[in-house]
Amino acid sequence: MTTPDSGTPAAPSWDPRQYLRHADHRTRPFHELLARIPGLPAGPAPRIADLGCGAGNATTLLADRWPDARITGYDNSPRMLERARAHTGPRLDFAEADAADWTPAEPHALIVSNALLQWVPGHTARFPVWLDAITPGGTLAFQVPGNFDQPSHVLMRELADSPRWRDRLSGRLRHADAVLTPAAYLDALTAPGVTADVWETTYLHLLPGEDPVLDWVKGTGLRPVLTALADDPEACEAFLAEYRDLLRTAYPAGPHGTVFPFRRIFAVARKEDR
Ligand SMILES: C[S@@+](CC[C@H](N)C(=O)[O-])C[C@H]1O[C@@H](n2cnc3c(N)ncnc32)[C@H](O)[C@@H]1O
């Protein structure tokens with residue numbers, strides 16, 4: 001099936017309302033990435049790009065930190081962009097672009113992306129292009145999830161590949177190679193005149209409510225399944241029920257909530273000042 005967001009069979013459609021249901025937990029890595037980004041090169045109105053800006057809530061944190069900067073959030077989901085445009089600012093705007101081929105039209109002091117690149121196959125090929133557009137003293141920074149080998153993803157893939165679902169869902173979900181290892185990112189970013197800092201953190205998100213891991217992945221990792229089954233609500237409910245039962249065993253509710261371990265990989269590459 002095609003999707004209203006993309007027109008291509010494989011691209012997932014996004015739902016900003018569902019995505020924002022766990023905004024506090026999801027935004028924490030961005031705060032921690034932001035804390036490691038050094039000051040921008042001196043000069044009037046530095047240019048910043050936020051690739052895969054989603055609903056724009058993380059983009060506004062950039063505007064808070066650099067109120068003089070001209071900031072554009074880019075995304076390829078019209079629904080996410082519509083939501084992002086509710087955020088206004090004198091030097092803040094949002095535009096449609098595909099990160100797979102986005103090329104900066106002018107020099108940038110900062111190109112940043114939070115939880116985007118795992119959706120962009122072969123994304124390291126873009127690093128030289130983006131670094132080339134970074135001004136001296138400027139930064140390329142990103143965060144990606146490193147949890148594709150965790151039960152939330154493994155169970156989803158196993159179910160999608162099972163006899164009942166494989167005809168409709170096989171090949172739609174991403175595997176561990178959606179992202180690189182921290183060491184491979186360090187290698188991919190390090191270049192003459194560029195210093196990279198790469199690290200990883202595993203968060204233990206303590207989630208309230210019933211079936212919170214299912215609720216979480218409905219906003220992100222499960223989008224390809226929800227998109228593929230969007231025209232068949234009954235099948236969608238059946239898949240969700242099967243997957244929910246598997247998640248209940250993998251992530252049992254405890255006395256204080258459900259612990260959802262989530263590994264994330266961070267990278268900050270700074271171009272040296274001339
Ligand atoms: C997990 S959300 C992250 C949103 C935001 N950066 C945040 O931290 O809240 C991923 C976003 O990447 C966007 N996206 C996925 N593939 C993309 C691509 N090839 N080009 C641009 N945006 C893309 C999706 O539409 C979605 O809004």
# chains A, B, ... in the order shown; residues from 1 in each chain; ligands from 1
call {"tool": "closest_atom_pairs", "arguments": {"of": "stretch 115-212 of chain A", "to": "stretch 75-85 of chain A", "cutoff": "12 Å", "atoms": "only C-alpha atoms", "output": "tab-separated table"}}
result
residue	atom	partner	partner_atom	distance
A:Ala115	CA	A:Asp75	CA	11.9
A:Leu116	CA	A:Asp75	CA	9.3
A:Leu117	CA	A:Asp75	CA	11.7
A:Trp119	CA	A:Asn76	CA	11.1
A:Val120	CA	A:Asn76	CA	11.4
call {"tool": "residues_near_ligand", "arguments": {"ligand": "ligand 1", "cutoff": "7 Å", "atoms": "only C-alpha atoms and all ligand atoms", "output": "PyMOL selection string"}}
result
chain A and resi 14+26-27+30+51-58+74-77+80+97-100+113-116+119-120+220
call {"tool": "closest_atom_pairs", "arguments": {"of": "stretch 111-146 of chain A", "to": "stretch 163-176 of chain A", "cutoff": "10 Å", "atoms": "only C-alpha atoms", "output": "tab-separated table"}}
result
residue	atom	partner	partner_atom	distance
A:Gln118	CA	A:Arg174	CA	8.5
A:Trp119	CA	A:Arg174	CA	8.3
A:Pro121	CA	A:Arg174	CA	9.6
A:Gly146	CA	A:Ala176	CA	7.9
call {"tool": "select_by_dssp", "arguments": {"residues": "stretch 26-149 of chain A", "states": "strand (DSSP E)", "output": "PyMOL selection string"}}
result
chain A and resi 47-51+70-75+92-96+108-114+134-145
call {"tool": "closest_residue", "arguments": {"among": "A:Thr124, A:Trp130, A:Thr202, A:His256", "to": "A:Ala188", "atoms": "only C-alpha atoms"}}
result
A:Thr124
call {"tool": "atom_distance", "arguments": {"atom1": "atom CA of A:Glu96", "atom2": "atom CA of A:Thr72"}}
result
10.0 Å
call {"tool": "closest_residue", "arguments": {"among": "A:Thr88, A:Leu186, A:Thr59, A:Lys271", "to": "A:Ala109", "atoms": "only C-alpha atoms"}}
result
A:Lys271
call {"tool": "closest_residue", "arguments": {"among": "A:Asp187, A:Glu106, A:Asp215, A:Glu32", "to": "A:Tyr19", "atoms": "only C-alpha atoms"}}
result
A:Asp215
call {"tool": "select_by_dssp", "arguments": {"residues": "stretch 60-162 of chain A", "states": "alpha helix (DSSP H)", "output": "PyMOL selection string"}}
result
chain A and resi 60-65+78-84+127-133+151-160
call {"tool": "residues_around", "arguments": {"residues": "A:Ala183", "least_positions_apart": "3", "cutoff": "12 Å", "atoms": "only C-alpha atoms", "output": "list of chain:residue names"}}
result
A:Val179, A:Leu180, A:Leu186, A:Asp187, A:Ala188, A:Leu189, A:Thr190, A:Ala196, A:Asp197, A:Val198, A:Trp199, A:Glu200, A:Ile265, A:Phe266, A:Ala267
call {"tool": "residues_around", "arguments": {"residues": "stretch 64-70 of chain A", "least_positions_apart": "4", "cutoff": "8 Å", "atoms": "only C-alpha atoms", "output": "number ranges by chain"}}
result
A: 44-48, 60, 91-92
call {"tool": "closest_residue", "arguments": {"among": "A:Pro128, A:Pro104, A:Gly73, A:Gly209", "to": "A:Pro192", "atoms": "only C-alpha atoms"}}
result
A:Pro128
call {"tool": "closest_residue", "arguments": {"among": "A:Arg17, A:Lys218, A:His205, A:His153", "to": "A:Leu240", "atoms": "only C-alpha atoms"}}
result
A:Lys218
call {"tool": "atom_distance", "arguments": {"atom1": "atom CA of A:Phe148", "atom2": "atom CA of A:Gly221"}}
result
9.4 Å
call {"tool": "closest_residue", "arguments": {"among": "A:Phe262, A:Phe127, A:Phe239, A:Tyr203", "to": "A:Asn147", "atoms": "only C-alpha atoms"}}
result
A:Phe262
call {"tool": "residues_around", "arguments": {"residues": "A:Leu110", "least_positions_apart": "2", "cutoff": "7 Å", "atoms": "only C-alpha atoms", "output": "PDB file with all heavy atoms, in the first residue's frame"}}
result
ATOM      1  N   ARG A  47      23.412  29.662  11.253  1.00  0.00           N
ATOM      2  CA  ARG A  47      22.403  28.816  10.612  1.00  0.00           C
ATOM      3  C   ARG A  47      22.403  27.447  11.278  1.00  0.00           C
ATOM      4  O   ARG A  47      23.460  26.816  11.440  1.00  0.00           O
ATOM      5  CB  ARG A  47      22.789  28.669   9.129  1.00  0.00           C
ATOM      6  CG  ARG A  47      21.689  28.175   8.265  1.00  0.00           C
ATOM      7  CD  ARG A  47      20.753  29.319   7.891  1.00  0.00           C
ATOM      8  NE  ARG A  47      19.693  28.861   7.021  1.00  0.00           N
ATOM      9  CZ  ARG A  47      18.503  28.414   7.444  1.00  0.00           C
ATOM     10  NH1 ARG A  47      18.226  28.335   8.728  1.00  0.00           N
ATOM     11  NH2 ARG A  47      17.587  28.043   6.583  1.00  0.00           N
ATOM     12  N   ILE A  48      21.205  26.960  11.637  1.00  0.00           N
ATOM     13  CA  ILE A  48      21.072  25.630  12.263  1.00  0.00           C
ATOM     14  C   ILE A  48      20.026  24.831  11.497  1.00  0.00           C
ATOM     15  O   ILE A  48      18.955  25.348  11.154  1.00  0.00           O
ATOM     16  CB  ILE A  48      20.633  25.752  13.741  1.00  0.00           C
ATOM     17  CG1 ILE A  48      21.690  26.491  14.576  1.00  0.00           C
ATOM     18  CG2 ILE A  48      20.365  24.371  14.343  1.00  0.00           C
ATOM     19  CD1 ILE A  48      21.310  26.673  16.044  1.00  0.00           C
ATOM     20  N   ALA A  49      20.314  23.549  11.256  1.00  0.00           N
ATOM     21  CA  ALA A  49      19.325  22.633  10.670  1.00  0.00           C
ATOM     22  C   ALA A  49      19.051  21.521  11.670  1.00  0.00           C
ATOM     23  O   ALA A  49      19.983  20.944  12.245  1.00  0.00           O
ATOM     24  CB  ALA A  49      19.847  22.035   9.373  1.00  0.00           C
ATOM     25  N   HIS A 108      26.400  26.019   7.422  1.00  0.00           N
ATOM     26  CA  HIS A 108      25.664  25.854   8.675  1.00  0.00           C
ATOM     27  C   HIS A 108      26.637  25.826   9.855  1.00  0.00           C
ATOM     28  O   HIS A 108      27.698  25.189   9.770  1.00  0.00           O
ATOM     29  CB  HIS A 108      24.859  24.551   8.674  1.00  0.00           C
ATOM     30  CG  HIS A 108      23.541  24.664   7.976  1.00  0.00           C
ATOM     31  ND1 HIS A 108      23.423  25.015   6.643  1.00  0.00           N
ATOM     32  CD2 HIS A 108      22.268  24.491   8.450  1.00  0.00           C
ATOM     33  CE1 HIS A 108      22.137  25.046   6.328  1.00  0.00           C
ATOM     34  NE2 HIS A 108      21.413  24.741   7.397  1.00  0.00           N
ATOM     35  N   VAL A 112      21.962  19.120  13.254  1.00  0.00           N
ATOM     36  CA  VAL A 112      21.676  18.223  14.365  1.00  0.00           C
ATOM     37  C   VAL A 112      20.522  17.314  13.981  1.00  0.00           C
ATOM     38  O   VAL A 112      19.662  17.690  13.169  1.00  0.00           O
ATOM     39  CB  VAL A 112      21.359  19.067  15.642  1.00  0.00           C
ATOM     40  CG1 VAL A 112      20.084  19.850  15.497  1.00  0.00           C
ATOM     41  CG2 VAL A 112      21.324  18.225  16.891  1.00  0.00           C
ATOM     42  N   ILE A 134      29.541  22.515   7.167  1.00  0.00           N
ATOM     43  CA  ILE A 134      29.688  23.084   8.517  1.00  0.00           C
ATOM     44  C   ILE A 134      30.795  24.148   8.499  1.00  0.00           C
ATOM     45  O   ILE A 134      31.885  23.901   7.978  1.00  0.00           O
ATOM     46  CB  ILE A 134      30.047  21.971   9.545  1.00  0.00           C
ATOM     47  CG1 ILE A 134      28.950  20.909   9.612  1.00  0.00           C
ATOM     48  CG2 ILE A 134      30.348  22.561  10.914  1.00  0.00           C
ATOM     49  CD1 ILE A 134      27.730  21.262  10.400  1.00  0.00           C
ATOM     50  N   GLY A 138      32.057  24.887  13.832  1.00  0.00           N
ATOM     51  CA  GLY A 138      30.678  24.402  13.901  1.00  0.00           C
ATOM     52  C   GLY A 138      30.621  22.901  14.159  1.00  0.00           C
ATOM     53  O   GLY A 138      31.650  22.215  14.244  1.00  0.00           O
ATOM     54  N   THR A 139      29.400  22.374  14.264  1.00  0.00           N
ATOM     55  CA  THR A 139      29.207  21.001  14.770  1.00  0.00           C
ATOM     56  C   THR A 139      28.141  20.239  13.991  1.00  0.00           C
ATOM     57  O   THR A 139      27.122  20.811  13.594  1.00  0.00           O
ATOM     58  CB  THR A 139      28.780  21.078  16.263  1.00  0.00           C
ATOM     59  OG1 THR A 139      29.834  21.698  16.999  1.00  0.00           O
ATOM     60  CG2 THR A 139      28.513  19.708  16.848  1.00  0.00           C
ATOM     61  N   LEU A 140      28.402  18.941  13.817  1.00  0.00           N
ATOM     62  CA  LEU A 140      27.382  17.978  13.375  1.00  0.00           C
ATOM     63  C   LEU A 140      27.113  17.071  14.576  1.00  0.00           C
ATOM     64  O   LEU A 140      28.061  16.509  15.139  1.00  0.00           O
ATOM     65  CB  LEU A 140      27.920  17.154  12.202  1.00  0.00           C
ATOM     66  CG  LEU A 140      27.124  15.904  11.795  1.00  0.00           C
ATOM     67  CD1 LEU A 140      25.750  16.283  11.243  1.00  0.00           C
ATOM     68  CD2 LEU A 140      27.892  15.099  10.730  1.00  0.00           C
TER      69      LEU A 140
END
call {"tool": "atom_distance", "arguments": {"atom1": "atom CA of A:Ala125", "atom2": "atom CA of A:Ala184"}}
result
12.8 Å
